[in-house]
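Engineer: Have a peek at my_file05.txt (compact mmCIF, C-alpha atoms).
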```txt
# COMPACT_ATOMS: atom_id res chain seq x y z
CA MET A 789 106.37 183.80 148.07
CA ALA A 790 105.37 187.00 146.30
CA GLY A 791 102.84 189.37 147.81
CA PHE A 792 99.18 188.88 147.06
CA GLU A 793 95.74 190.16 148.00
CA ILE A 794 93.04 188.66 150.19
CA LEU A 795 89.35 189.45 150.10
CA ASP A 796 87.26 190.81 152.95
CA PRO A 797 84.76 188.15 154.14
CA THR A 798 82.51 190.61 155.99
CA VAL A 799 79.71 192.95 155.01
CA GLU A 800 78.53 196.18 156.45
CA PRO A 801 74.86 195.98 157.43
CA ARG A 802 72.63 197.93 155.11
CA LYS A 803 72.01 201.38 156.52
CA GLN A 804 68.41 201.89 157.50
CA PRO A 805 66.79 205.07 158.70
CA LEU A 806 65.21 204.46 162.10
CA THR A 807 62.67 206.98 163.23
CA TYR A 808 61.14 206.92 166.67
CA VAL A 809 57.59 208.00 167.26
CA PRO A 810 57.66 211.18 169.36
CA ARG A 811 57.23 210.41 173.05
CA PRO A 812 53.98 211.71 174.51
CA GLY A 813 54.39 214.68 176.82
CA SER A 814 52.12 213.01 179.36
CA LEU A 815 50.63 209.54 179.91
CA LYS A 816 47.34 211.03 181.08
CA GLY A 817 44.49 209.18 179.37
CA LYS A 818 46.87 207.08 177.27
CA ARG A 819 46.30 203.41 176.50
CA ILE A 820 49.28 201.29 177.56
CA GLY A 821 50.32 198.09 175.79
CA LEU A 822 52.41 195.55 177.74
CA VAL A 823 54.38 192.92 175.78
CA GLU A 824 55.17 189.95 177.96
CA ASN A 825 58.01 187.74 176.79
CA THR A 826 57.09 184.47 178.60
CA LYS A 827 59.93 184.55 181.14
CA PHE A 828 58.94 183.79 184.71
CA ASN A 829 57.37 186.82 186.41
CA SER A 830 57.60 189.06 183.35
CA ASP A 831 53.80 189.25 183.36
CA ARG A 832 53.71 190.25 187.04
CA LEU A 833 56.46 192.82 186.59
CA LEU A 834 54.79 194.41 183.58
CA GLN A 835 51.38 194.43 185.23
CA LYS A 836 52.88 196.21 188.21
CA ILE A 837 54.44 198.79 185.91
CA GLY A 838 51.11 199.17 184.14
CA ASP A 839 49.35 199.74 187.45
CA ILE A 840 51.86 202.41 188.43
CA LEU A 841 51.38 204.12 185.09
CA LYS A 842 47.65 204.22 185.77
CA THR A 843 47.68 205.25 189.43
CA GLU A 844 50.61 207.65 189.42
CA TYR A 845 50.66 208.91 185.83
CA GLY A 846 47.00 208.85 184.90
CA ALA A 847 47.13 206.28 182.09
CA ALA A 848 43.65 205.17 181.04
CA GLU A 849 44.06 201.41 180.62
CA THR A 850 46.51 198.58 180.02
CA LYS A 851 46.43 195.62 177.68
CA MET A 852 48.91 192.75 177.81
CA TRP A 853 50.10 190.45 175.03
CA ARG A 854 52.26 187.34 175.36
CA LYS A 855 54.98 186.58 172.83
CA HIS A 856 55.47 183.03 171.55
CA ASN A 857 58.94 182.87 173.06
CA SER A 858 61.40 185.24 174.70
CA SER A 859 63.93 184.85 171.86
CA VAL A 860 61.66 185.81 169.00
CA PRO A 861 60.22 189.17 167.97
CA ALA A 862 56.64 190.03 168.87
CA HIS A 863 54.44 188.29 166.32
CA ASP A 864 52.32 190.10 163.76
CA GLU A 865 49.07 189.94 165.72
CA ILE A 866 50.69 191.80 168.62
CA ILE A 867 52.10 194.47 166.33
CA ASP A 868 48.80 194.89 164.47
CA GLU A 869 46.72 195.13 167.63
CA ALA A 870 49.22 197.48 169.29
CA LYS A 871 49.13 199.79 166.29
CA ARG A 872 45.36 199.98 166.46
CA GLY A 873 44.62 199.83 170.16
CA VAL A 874 47.32 201.49 172.27
CA ASP A 875 49.32 204.72 172.44
CA VAL A 876 52.41 203.49 174.31
CA VAL A 877 54.07 200.08 174.56
CA VAL A 878 56.21 198.73 177.39
CA ALA A 879 58.27 195.56 176.87
CA GLY A 880 60.77 193.93 179.18
CA ILE A 881 62.43 190.84 180.55
CA GLY A 882 61.25 189.40 183.84
CA ASP A 883 64.17 187.40 185.15
CA MET B 1203 92.11 183.30 136.25
CA PRO B 1204 88.52 182.10 136.73
CA ALA B 1205 85.93 183.73 134.52
CA MET B 1206 83.88 185.19 137.35
CA SER B 1207 86.67 186.69 139.40
CA ALA B 1208 86.67 190.03 137.58
CA ALA B 1209 83.32 190.82 139.12
CA LEU B 1210 84.39 190.30 142.74
CA THR B 1211 83.63 193.46 144.68
CA SER B 1212 84.94 192.74 148.17
CA THR B 1213 87.60 195.01 149.62
CA ARG B 1214 91.12 193.72 148.95
CA TYR B 1215 93.97 193.71 151.43
CA PRO B 1216 97.57 193.35 150.23
CA VAL B 1217 99.80 191.00 152.18
CA ASP B 1218 103.45 190.01 151.81
CA ASP B 1219 103.14 186.30 152.43
CA LEU B 1220 101.03 183.45 153.78
CA THR B 1221 101.86 184.08 157.43
CA GLN B 1222 100.91 187.73 157.18
CA ALA B 1223 97.65 186.78 155.46
CA ILE B 1224 96.70 184.35 158.23
CA GLU B 1225 97.63 186.86 160.93
CA LEU B 1226 95.68 189.64 159.21
CA CYS B 1227 92.55 187.45 159.33
CA TYR B 1228 93.08 187.08 163.08
CA GLU B 1229 93.64 190.80 163.54
CA LYS B 1230 90.48 191.63 161.64
CA GLY B 1231 88.43 189.24 163.77
CA TRP B 1232 87.47 187.07 160.81
CA THR B 1233 88.29 183.63 162.21
CA ASP B 1234 86.74 181.16 164.64
CA GLY B 1235 90.00 181.03 166.56
CA LEU B 1236 91.69 178.57 164.22
CA PRO B 1237 93.90 179.61 161.30
CA VAL B 1238 92.14 180.11 157.97
CA ILE B 1239 93.09 179.66 154.33
CA PRO B 1240 93.69 183.13 152.84
CA PRO B 1241 90.79 183.97 150.52
CA THR B 1242 92.49 184.97 147.29
CA GLU B 1243 90.69 185.91 144.11
CA SER B 1244 91.58 182.67 142.34
CA ARG B 1245 90.43 180.46 145.23
CA VAL B 1246 87.16 182.38 145.60
CA GLY B 1247 86.62 182.24 141.83
CA ALA B 1248 87.08 178.47 141.83
CA MET B 1249 84.54 178.16 144.64
CA LEU B 1250 81.97 180.19 142.69
CA ASP B 1251 82.63 178.28 139.48
CA ALA B 1252 82.09 174.94 141.23
CA ALA B 1253 78.71 176.14 142.43
CA GLY B 1254 77.75 177.79 139.15
CA LEU B 1255 77.01 181.06 140.94
CA GLU B 1256 77.69 184.65 139.99
CA PRO B 1257 79.39 186.61 142.77
CA GLY B 1258 76.44 188.94 143.23
CA ALA B 1259 73.82 186.21 143.40
CA GLN B 1260 71.82 186.38 146.62
CA VAL B 1261 72.06 183.09 148.46
CA ALA B 1262 69.92 184.14 151.39
CA PHE B 1263 68.38 187.12 153.12
CA ILE B 1264 68.42 187.28 156.91
CA THR B 1265 65.35 189.32 157.71
CA ASN B 1266 66.04 190.36 161.28
CA ARG B 1267 69.52 191.55 160.37
CA GLN B 1268 68.47 192.93 156.98
CA VAL B 1269 71.54 191.26 155.52
CA ALA B 1270 71.69 189.89 151.99
CA VAL B 1271 74.16 186.99 151.87
CA THR B 1272 75.79 186.94 148.45
CA ALA B 1273 77.53 184.03 146.75
CA GLU B 1274 80.79 186.00 146.82
CA LYS B 1275 80.75 186.30 150.60
CA VAL B 1276 79.79 182.66 151.05
CA ALA B 1277 82.64 181.65 148.73
CA ILE B 1278 85.18 183.78 150.60
CA ASN B 1279 84.19 182.23 153.91
CA ALA B 1280 84.15 178.72 152.42
CA VAL B 1281 87.72 179.23 151.20
CA MET B 1282 88.74 180.44 154.64
CA ALA B 1283 87.14 177.38 156.25
CA GLY B 1284 89.21 175.06 154.08
CA CYS B 1285 86.44 173.81 151.80
CA LEU B 1286 87.18 172.22 148.46
CA PRO B 1287 85.33 174.02 145.65
CA GLU B 1288 82.94 171.07 145.20
CA TYR B 1289 81.66 171.56 148.76
CA MET B 1290 80.31 175.01 147.90
CA PRO B 1291 76.80 173.89 146.81
CA ILE B 1292 76.32 172.27 150.23
CA VAL B 1293 77.40 175.40 152.08
CA VAL B 1294 75.03 177.43 149.89
CA ALA B 1295 72.12 175.08 150.60
CA ALA B 1296 72.80 175.17 154.35
CA VAL B 1297 72.96 178.98 154.44
CA ASP B 1298 69.74 179.08 152.45
CA GLY B 1299 68.22 176.73 155.03
CA ILE B 1300 69.07 178.80 158.10
CA ALA B 1301 67.58 181.85 156.39
CA GLU B 1302 64.17 180.14 156.06
CA PRO B 1303 61.58 181.94 158.20
CA LYS B 1304 60.65 178.73 160.00
CA TRP B 1305 64.29 178.18 161.03
CA GLY B 1306 63.94 181.56 162.74
CA TYR B 1307 67.55 182.75 162.59
CA HIS B 1308 67.24 185.44 165.24
CA GLY B 1309 66.39 182.99 168.04
CA PRO B 1310 69.01 180.26 167.74
CA GLY B 1311 71.59 182.68 166.35
CA THR B 1312 71.36 184.98 169.34
CA SER B 1313 69.93 183.06 172.26
CA THR B 1314 71.64 182.36 175.56
CA GLY B 1315 70.49 178.79 174.83
CA GLY B 1316 73.67 178.28 172.82
CA ALA B 1317 72.50 176.39 169.74
CA ALA B 1318 74.75 175.32 166.88
CA VAL B 1319 73.66 174.49 163.34
CA LEU B 1320 73.48 170.72 163.07
CA MET B 1321 73.74 169.67 159.41
CA ILE B 1322 72.77 166.23 158.15
CA VAL B 1323 73.82 165.43 154.59
CA ASN B 1324 71.79 162.89 152.62
CA GLY B 1325 71.92 161.45 149.12
CA PRO B 1326 74.68 160.46 146.71
CA ILE B 1327 76.74 163.60 147.28
CA ALA B 1328 77.64 162.45 150.80
CA ALA B 1329 79.68 159.45 149.69
CA ARG B 1330 80.96 161.20 146.57
CA LEU B 1331 82.53 164.02 148.57
CA GLY B 1332 83.67 161.87 151.46
CA PHE B 1333 81.34 162.95 154.27
CA ASN B 1334 81.75 160.73 157.29
CA SER B 1335 78.68 158.78 158.41
CA GLY B 1336 80.47 156.11 160.43
CA ASP B 1337 83.16 155.76 163.11
CA ASN B 1338 83.82 158.82 165.24
CA LEU B 1339 80.71 160.39 163.73
CA PHE B 1340 80.97 163.80 165.39
CA GLY B 1341 84.76 163.68 165.72
CA PRO B 1342 87.58 165.19 163.72
CA GLY B 1343 89.31 163.74 160.68
CA TRP B 1344 87.09 164.32 157.66
CA ARG B 1345 87.62 167.41 155.58
CA ALA B 1346 84.06 167.63 154.24
CA ASN B 1347 82.44 167.40 157.70
CA ALA B 1348 85.00 169.70 159.27
CA THR B 1349 85.02 172.48 156.70
CA VAL B 1350 81.40 172.68 155.54
CA GLY B 1351 80.15 173.30 159.05
CA ARG B 1352 82.98 175.69 159.70
CA ALA B 1353 82.12 177.63 156.54
CA VAL B 1354 78.52 178.08 157.64
CA ARG B 1355 79.65 179.32 161.05
CA LEU B 1356 82.10 181.77 159.42
CA VAL B 1357 79.27 183.09 157.23
CA MET B 1358 77.18 183.55 160.38
CA ARG B 1359 80.06 185.40 162.00
CA ASN B 1360 81.41 187.47 159.17
CA VAL B 1361 78.37 188.13 157.00
CA ILE B 1362 75.40 187.95 159.35
CA GLY B 1363 77.18 189.48 162.33
CA THR B 1364 76.63 186.61 164.78
CA LEU B 1365 79.67 187.48 166.87
CA PRO B 1366 80.21 185.67 170.17
CA GLY B 1367 79.71 188.03 173.09
CA ARG B 1368 77.90 190.54 170.92
CA LEU B 1369 74.95 189.28 168.90
CA ASP B 1370 75.67 185.66 169.80
CA ARG B 1371 74.98 185.61 173.52
CA ALA B 1372 75.21 181.87 174.17
CA THR B 1373 75.81 181.25 177.85
CA VAL B 1374 77.85 178.09 177.46
CA GLY B 1375 77.50 177.14 173.78
CA HIS B 1376 79.13 173.88 172.68
CA PRO B 1377 81.91 172.59 170.41
CA GLY B 1378 79.42 171.97 167.59
CA LYS B 1379 79.59 175.70 166.97
CA TYR B 1380 82.94 175.10 165.26
CA THR B 1381 81.39 172.50 162.95
CA TYR B 1382 78.50 170.05 163.32
CA VAL B 1383 78.07 168.03 160.17
CA ILE B 1384 77.23 164.36 159.71
CA ALA B 1385 75.95 162.23 156.87
CA GLU B 1386 73.43 159.42 157.17
CA ASN B 1387 74.84 155.93 156.66
CA GLU B 1388 72.55 155.13 153.74
CA VAL B 1389 74.62 152.14 152.60
CA ASP B 1390 74.12 150.09 155.75
CA SER B 1391 70.82 151.57 156.90
CA PRO B 1392 67.76 149.36 156.48
CA TRP B 1393 65.49 152.40 156.63
CA ALA B 1394 64.35 155.20 154.35
CA PRO B 1395 66.90 158.01 154.58
CA LEU B 1396 65.93 161.24 156.30
CA HIS B 1397 65.53 163.23 153.10
CA ALA B 1398 63.26 160.60 151.54
CA GLU B 1399 61.01 160.90 154.59
CA ARG B 1400 60.94 164.65 154.06
CA GLY B 1401 59.73 164.74 150.47
CA PHE B 1402 62.86 164.16 148.38
CA THR B 1403 63.85 161.16 146.30
CA PRO B 1404 66.74 158.99 147.48
CA GLU B 1405 68.67 160.03 144.35
CA GLN B 1406 68.54 163.69 145.32
CA SER B 1407 71.11 165.18 147.69
CA THR B 1408 70.06 167.40 150.55
CA VAL B 1409 71.25 169.04 153.71
CA THR B 1410 69.00 169.27 156.75
CA VAL B 1411 69.75 172.11 159.16
CA MET B 1412 68.53 172.10 162.75
CA SER B 1413 69.34 174.48 165.58
CA ALA B 1414 70.73 172.10 168.15
CA GLU B 1415 72.45 171.48 171.43
CA GLY B 1416 75.31 169.01 171.68
CA PRO B 1417 74.94 165.24 171.16
CA ARG B 1418 74.16 163.14 174.25
CA GLN B 1419 75.40 159.59 174.15
CA PHE B 1420 73.66 156.61 175.72
CA TYR B 1421 74.79 153.04 176.26
CA ASN B 1422 72.94 149.76 176.00
CA GLN B 1423 74.89 146.55 175.46
CA LEU B 1424 72.42 144.43 177.36
CA SER B 1425 69.28 144.30 175.28
CA ASN B 1426 68.64 142.58 171.97
CA THR B 1427 65.20 144.10 171.43
CA PRO B 1428 64.07 147.52 170.13
CA GLU B 1429 62.09 148.10 173.30
CA GLY B 1430 65.13 147.42 175.48
CA ILE B 1431 67.47 149.74 173.60
CA LEU B 1432 64.92 152.49 173.24
CA ALA B 1433 63.91 152.23 176.91
CA THR B 1434 67.45 153.30 177.82
CA LEU B 1435 67.36 156.11 175.26
CA CYS B 1436 64.00 157.37 176.51
CA ASP B 1437 65.11 157.28 180.14
CA ASP B 1438 67.91 159.70 179.20
CA MET B 1439 65.78 161.86 176.91
CA VAL B 1440 62.84 162.27 179.23
CA HIS B 1441 65.01 163.90 181.86
CA HIS B 1442 66.51 166.34 179.41
CA ASN B 1443 63.41 168.47 178.95
CA SER B 1444 65.58 171.58 179.06
CA THR B 1445 63.21 174.52 178.76
CA GLY B 1446 60.05 172.53 178.26
CA ALA B 1447 59.43 174.37 174.99
CA GLN B 1448 59.16 171.17 172.91
CA PRO B 1449 62.00 171.46 170.38
CA GLN B 1450 62.67 168.81 167.78
CA TYR B 1451 65.12 166.02 168.59
CA VAL B 1452 67.43 163.96 166.41
CA VAL B 1453 67.95 160.33 167.38
CA VAL B 1454 71.14 158.93 165.86
CA LEU B 1455 71.24 155.14 165.88
CA ALA B 1456 74.66 153.63 165.30
CA GLY B 1457 75.59 150.22 163.90
CA GLU B 1458 74.76 147.73 166.64
CA HIS B 1459 71.57 149.43 167.80
CA MET B 1460 70.49 150.03 164.21
CA ARG B 1461 70.88 146.35 163.32
CA THR B 1462 69.12 145.10 166.45
CA ILE B 1463 66.15 147.41 166.00
CA ALA B 1464 65.85 146.76 162.27
CA ALA B 1465 66.13 142.99 162.72
CA ALA B 1466 62.91 143.11 164.72
CA GLY B 1467 61.20 144.73 161.75
CA TRP B 1468 60.86 148.19 163.23
CA SER B 1469 60.66 151.20 160.87
CA LYS B 1470 61.69 154.76 161.65
CA ALA B 1471 58.00 155.53 162.23
CA ASP B 1472 57.85 152.75 164.85
CA ILE B 1473 60.90 154.22 166.57
CA ARG B 1474 59.40 157.71 166.55
CA LYS B 1475 56.14 156.45 168.06
CA TYR B 1476 57.90 154.47 170.79
CA VAL B 1477 60.12 157.40 171.72
CA PHE B 1478 57.20 159.82 171.73
CA ASP B 1479 55.13 157.53 173.94
CA HIS B 1480 57.98 156.89 176.39
CA THR B 1481 59.26 160.43 176.88
CA GLN B 1482 56.27 161.86 178.70
CA ASN B 1483 56.84 163.71 181.95
CA SER B 1484 54.23 164.19 184.62
CA LEU B 1485 53.45 167.77 185.49
CA ALA B 1486 54.26 166.84 189.06
CA HIS B 1487 57.78 165.79 188.09
CA ILE B 1488 58.32 168.97 186.09
CA LYS B 1489 57.24 171.06 189.07
CA ARG B 1490 59.23 169.05 191.62
CA THR B 1491 62.37 169.48 189.58
CA GLN B 1492 61.80 173.24 189.45
CA ARG B 1493 61.21 173.51 185.73
CA LEU B 1494 57.73 174.92 186.21
CA ALA B 1495 56.49 177.21 188.95
CA GLY B 1496 53.67 176.42 191.32
CA PRO B 1497 52.63 173.86 193.93
CA VAL B 1498 52.20 170.21 192.93
CA LYS B 1499 48.50 169.39 192.80
CA PRO B 1500 47.16 165.82 193.08
CA GLU B 1501 46.07 165.77 189.43
CA ASP B 1502 49.60 166.78 188.35
CA GLU B 1503 50.73 163.22 189.11
CA THR B 1504 48.70 161.86 186.21
CA THR B 1505 48.83 164.84 183.86
CA LEU B 1506 51.43 164.09 181.22
CA ARG B 1507 53.39 166.50 179.04
CA SER B 1508 55.23 165.17 176.02
CA LEU B 1509 58.84 166.04 175.31
CA VAL B 1510 58.01 167.01 171.71
CA ALA B 1511 54.79 168.22 170.13
CA GLY B 1512 54.38 165.05 168.04
CA PRO B 1513 56.28 161.93 166.87
CA GLU B 1514 57.23 163.70 163.64
CA ASP B 1515 59.41 166.06 165.68
CA ILE B 1516 61.81 163.16 166.31
CA LEU B 1517 64.21 162.88 163.36
CA VAL B 1518 65.69 159.39 163.19
CA VAL B 1519 69.09 159.08 161.49
CA ALA B 1520 71.18 155.93 160.95
CA ALA B 1521 74.82 156.90 161.49
CA GLY B 1522 77.85 156.16 163.62
CA GLY B 1523 80.38 153.35 163.92
CA ARG B 1524 79.55 149.72 163.15
CA ALA B 1525 80.87 148.51 166.51
CA GLY B 1526 79.87 149.64 169.98
CA ALA B 1527 76.66 149.73 171.96
CA PHE B 1528 76.38 153.49 171.83
CA SER B 1529 73.98 155.82 170.09
CA CYS B 1530 72.91 159.36 170.85
CA TYR B 1531 70.19 161.95 170.75
CA ILE B 1532 70.44 165.65 170.01
CA PRO B 1533 68.01 168.14 171.51
CA GLY B 1534 66.96 171.04 169.36
CA TRP B 1535 67.44 174.59 170.57
CA GLY B 1536 65.51 175.30 173.77
CA GLY B 1537 63.33 177.92 172.13
CA GLY B 1538 61.22 175.09 170.81
CA ARG B 1539 60.02 173.96 167.40
CA ARG B 1540 57.50 176.80 167.14
CA SER B 1541 60.44 179.24 167.18
CA SER B 1542 62.92 177.18 165.13
CA GLU B 1543 62.08 174.20 162.96
CA SER B 1544 64.51 172.02 161.02
CA VAL B 1545 64.70 172.64 157.27
CA THR B 1546 65.81 170.27 154.50
CA LYS B 1547 67.24 171.88 151.37
CA LEU B 1548 68.08 170.40 148.01
CA ILE B 1549 71.78 170.65 147.13
CA ARG B 1550 71.57 172.09 143.65
CA ASP B 1551 74.04 171.75 140.82
CA ARG B 1552 73.71 175.09 139.07
CA ARG B 1553 76.51 174.57 136.60
CA ALA B 1554 75.29 174.83 133.02
```
What does this structure look like when you write it as structure tokens?
Structural biologist:
Amino acid sequence: MAGFEILDPTVEPRKQPLTYVPRPGSLKGKRIGLVENTKFNSDRLLQKIGDILKTEYGAAETKMWRKHNSSVPAHDEIIDEAKRGVDVVVAGIGD
Amino acid sequence: MPAMSAALTSTRYPVDDLTQAIELCYEKGWTDGLPVIPPTESRVGAMLDAAGLEPGAQVAFITNRQVAVTAEKVAINAVMAGCLPEYMPIVVAAVDGIAEPKWGYHGPGTSTGGAAVLMIVNGPIAARLGFNSGDNLFGPGWRANATVGRAVRLVMRNVIGTLPGRLDRATVGHPGKYTYVIAENEVDSPWAPLHAERGFTPEQSTVTVMSAEGPRQFYNQLSNTPEGILATLCDDMVHHNSTGAQPQYVVVLAGEHMRTIAAAGWSKADIRKYVFDHTQNSLAHIKRTQRLAGPVKPEDETTLRSLVAGPEDILVVAAGGRAGAFSCYIPGWGGGRRSSESVTKLIRDRRA
């Protein structure tokens, strides 16, 4: 059998610039958003973190949202409200 | 040389012979563990021609991965899977289906829950291309069933980046992730086929994609009534209740059960209602079996939670061997219907 060529079945993901918002120098007076992913105890864990951020780091307040499911991204309402109402967001898994 | 092949833009790798081509695909990490057919220009061109698609045509866009799936890449993977060119429109429709926002690719594609893509083919194309809808329904032996599902999985792997152990983090997964394709037995079925219930005409051909766990078989050779057979089914289903997130379920009724239930005059809607009504768990049971946290309260004994959100989330399909008192049900991915819903797509003939 003579030589031949085969075609690459893969693609390279499209390059996207990702820019992070600069981290605040201090959490003093900042509004903290907590994104809970529905796993057992994730709400308790995040609330505890939120409380520490208030008592030890001077954050002003916390607000928690609950995702529809742990395997899906935060839905639009969470993103919209977080953009408007908080300065910092904490998300995490609770199991 | 096929007309469209000049426009193929994928990187080319020279090989000396067939064995080297197969081994190169392994080395590159392009296979599902089984050998593949080397994707040559002429084979890929034939696949595109059969579907009436230009190589650069976008078949789907996977939002969370920001990946455009082109016809050329689908065709290459379909060749590798062993598809005949005439299967290509079905692979295209299935890939289009899993890219639908309501199918929610990111969840079932990535989740530890280990879902596969269950594909149910309906309409005239199923018999024309030899899709199995009978004996050994989920088993090996039929090229169309084996290769169409495999092609979709290879697209997920090679184009979308759903690599086991990396972006695909299934804890246990299941063999349906190699291929998971059935057709409905529309010839023997007394009922409206699935696609006709979902807005298509019986003369159209469709593929329904659902993120799904493996099939679970049940046995009932005792009863000659719908209630008797479905009581056994529901007793199995009600204890499944994996994550409690109310996914969709497929109920596959094979020959004997299908005939018994239909002979009593039951429709698919009757089956759905019975199954919905008889797969309710008490909150107390869910708590006692450690699927929900918290102490069991007296009122939990009489508070019922349904397995699915509504009867319409039970997809009834007539398929499987004519003989034998077995049928099965298939739970949807544990993320639930709100995170991933089944999609039915028209299989289009785009050839001019």
Engineer: I'd like to know which of A:Thr826, A:Arg819, A:Leu841, A:Gly880 is closest to chain B, using all atoms listed in the file.
Structural biologist: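 Checking each of A:Thr826, A:Arg819, A:Leu841, A:Gly880 against chain B, counting all atoms listed in the file, the winner is A:Thr826.
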Engineer: Of the residues A:Pro810, A:Gly838, A:Gly873, A:Pro861, which is the one nearest to chain B, using all atoms listed in the file?
Structural biologist: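 Closest to chain B, using all atoms listed in the file: A:Pro861.
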Engineer: Quick one: pull the distance between CA of Leu833 in chain A and CA of Ala1372 in chain B, Å, one decimal.
Structural biologist: 25.0 Å
Engineer: Just to confirm, what's the straight-line distance from CA of His1397 in chain B to CA of Arg1474 in chain B in Å (one decimal)?
Structural biologist: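 Between CA of His1397 in chain B and CA of Arg1474 in chain B the gap works out to 15.8 Å.
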Engineer: With distances taken over all atoms listed in the file, which residue among B:Ile1327, B:Leu1548, B:Ala1346, B:Ala1495 lies nearest chain A?
Structural biologist: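 Between B:Ile1327, B:Leu1548, B:Ala1346, B:Ala1495, the residue approaching chain A most closely is B:Ala1495.
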Engineer: Write out as a PyMOL selection string every residue belonging to chain A that has an atom at most 9 Å from any atom of chain B, counting all atoms listed in the file.
Structural biologist: chain A and resi 789-802+804+828+856-861
Engineer: Using all atoms listed in the file, list the residues that have an atom at most 12 Å from (57.9, 187.2, 182.5), coordinates as in the file, as a ChimeraX atom specification.
Structural biologist: /A:822-836,852-858,879-883 /B:1495
Engineer: Between B:Val1454, B:Ala1521, B:Leu1286, B:Ile1431, which has the minimum distance to Arg1345 in chain B (counting all atoms listed in the file)?
Structural biologist: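 Between B:Val1454, B:Ala1521, B:Leu1286, B:Ile1431, the residue approaching Arg1345 in chain B most closely is B:Leu1286.
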Engineer: For Ser814 in chain A, find every residue with an atom within 12 Å (counting all atoms listed in the file), except residues of its own chain fewer than 3 positions away, and show them as a PDB file with C-alpha atoms, in the coordinates of the input.
Structural biologist:
```pdb
ATOM      1  CA  PRO A 810      57.660 211.180 169.360  1.00  0.00           C
ATOM      2  CA  ARG A 811      57.230 210.410 173.050  1.00  0.00           C
ATOM      3  CA  GLY A 817      44.490 209.180 179.370  1.00  0.00           C
ATOM      4  CA  LYS A 818      46.870 207.080 177.270  1.00  0.00           C
ATOM      5  CA  ARG A 819      46.300 203.410 176.500  1.00  0.00           C
ATOM      6  CA  LEU A 841      51.380 204.120 185.090  1.00  0.00           C
ATOM      7  CA  LYS A 842      47.650 204.220 185.770  1.00  0.00           C
ATOM      8  CA  GLU A 844      50.610 207.650 189.420  1.00  0.00           C
ATOM      9  CA  TYR A 845      50.660 208.910 185.830  1.00  0.00           C
ATOM     10  CA  GLY A 846      47.000 208.850 184.900  1.00  0.00           C
ATOM     11  CA  ALA A 847      47.130 206.280 182.090  1.00  0.00           C
ATOM     12  CA  ALA A 848      43.650 205.170 181.040  1.00  0.00           C
ATOM     13  CA  ASP A 875      49.320 204.720 172.440  1.00  0.00           C
ATOM     14  CA  VAL A 876      52.410 203.490 174.310  1.00  0.00           C
TER      15      VAL A 876
END
```
Engineer: What gap, in Å, lies between CA of Ala1283 in chain B and CA of Phe1402 in chain B?
Structural biologist: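 Computing it gives 28.7 Å between the two atoms.
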Engineer: Could you give me, as a list in words, the residues that sit within 6 Å of (45.6, 197.8, 172.0) in the file's coordinates, counting all atoms listed in the file?
Structural biologist: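 With a cut-off of 6 Å, the residues come to Glu869, Ala870, Arg872, Gly873 and Val874 of chain A.
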Engineer: Taking 5 positions as the minimum chain separation for residues in the same chain, which residues sit within 8 Å of Leu1255 in chain B when counting only C-alpha atoms? Answer as a list in words.
Structural biologist: Leu1250, Ala1273, Arg1552 and Arg1553 of chain B
Engineer: Go through B:Gly1457, B:Leu1339, B:Gly1254, B:Ser1444 and flag the residue nearest Gln1492 in chain B, using all atoms listed in the file for the distances.
Structural biologist: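 Using all atoms listed in the file, the shortest distance to Gln1492 in chain B belongs to B:Ser1444.
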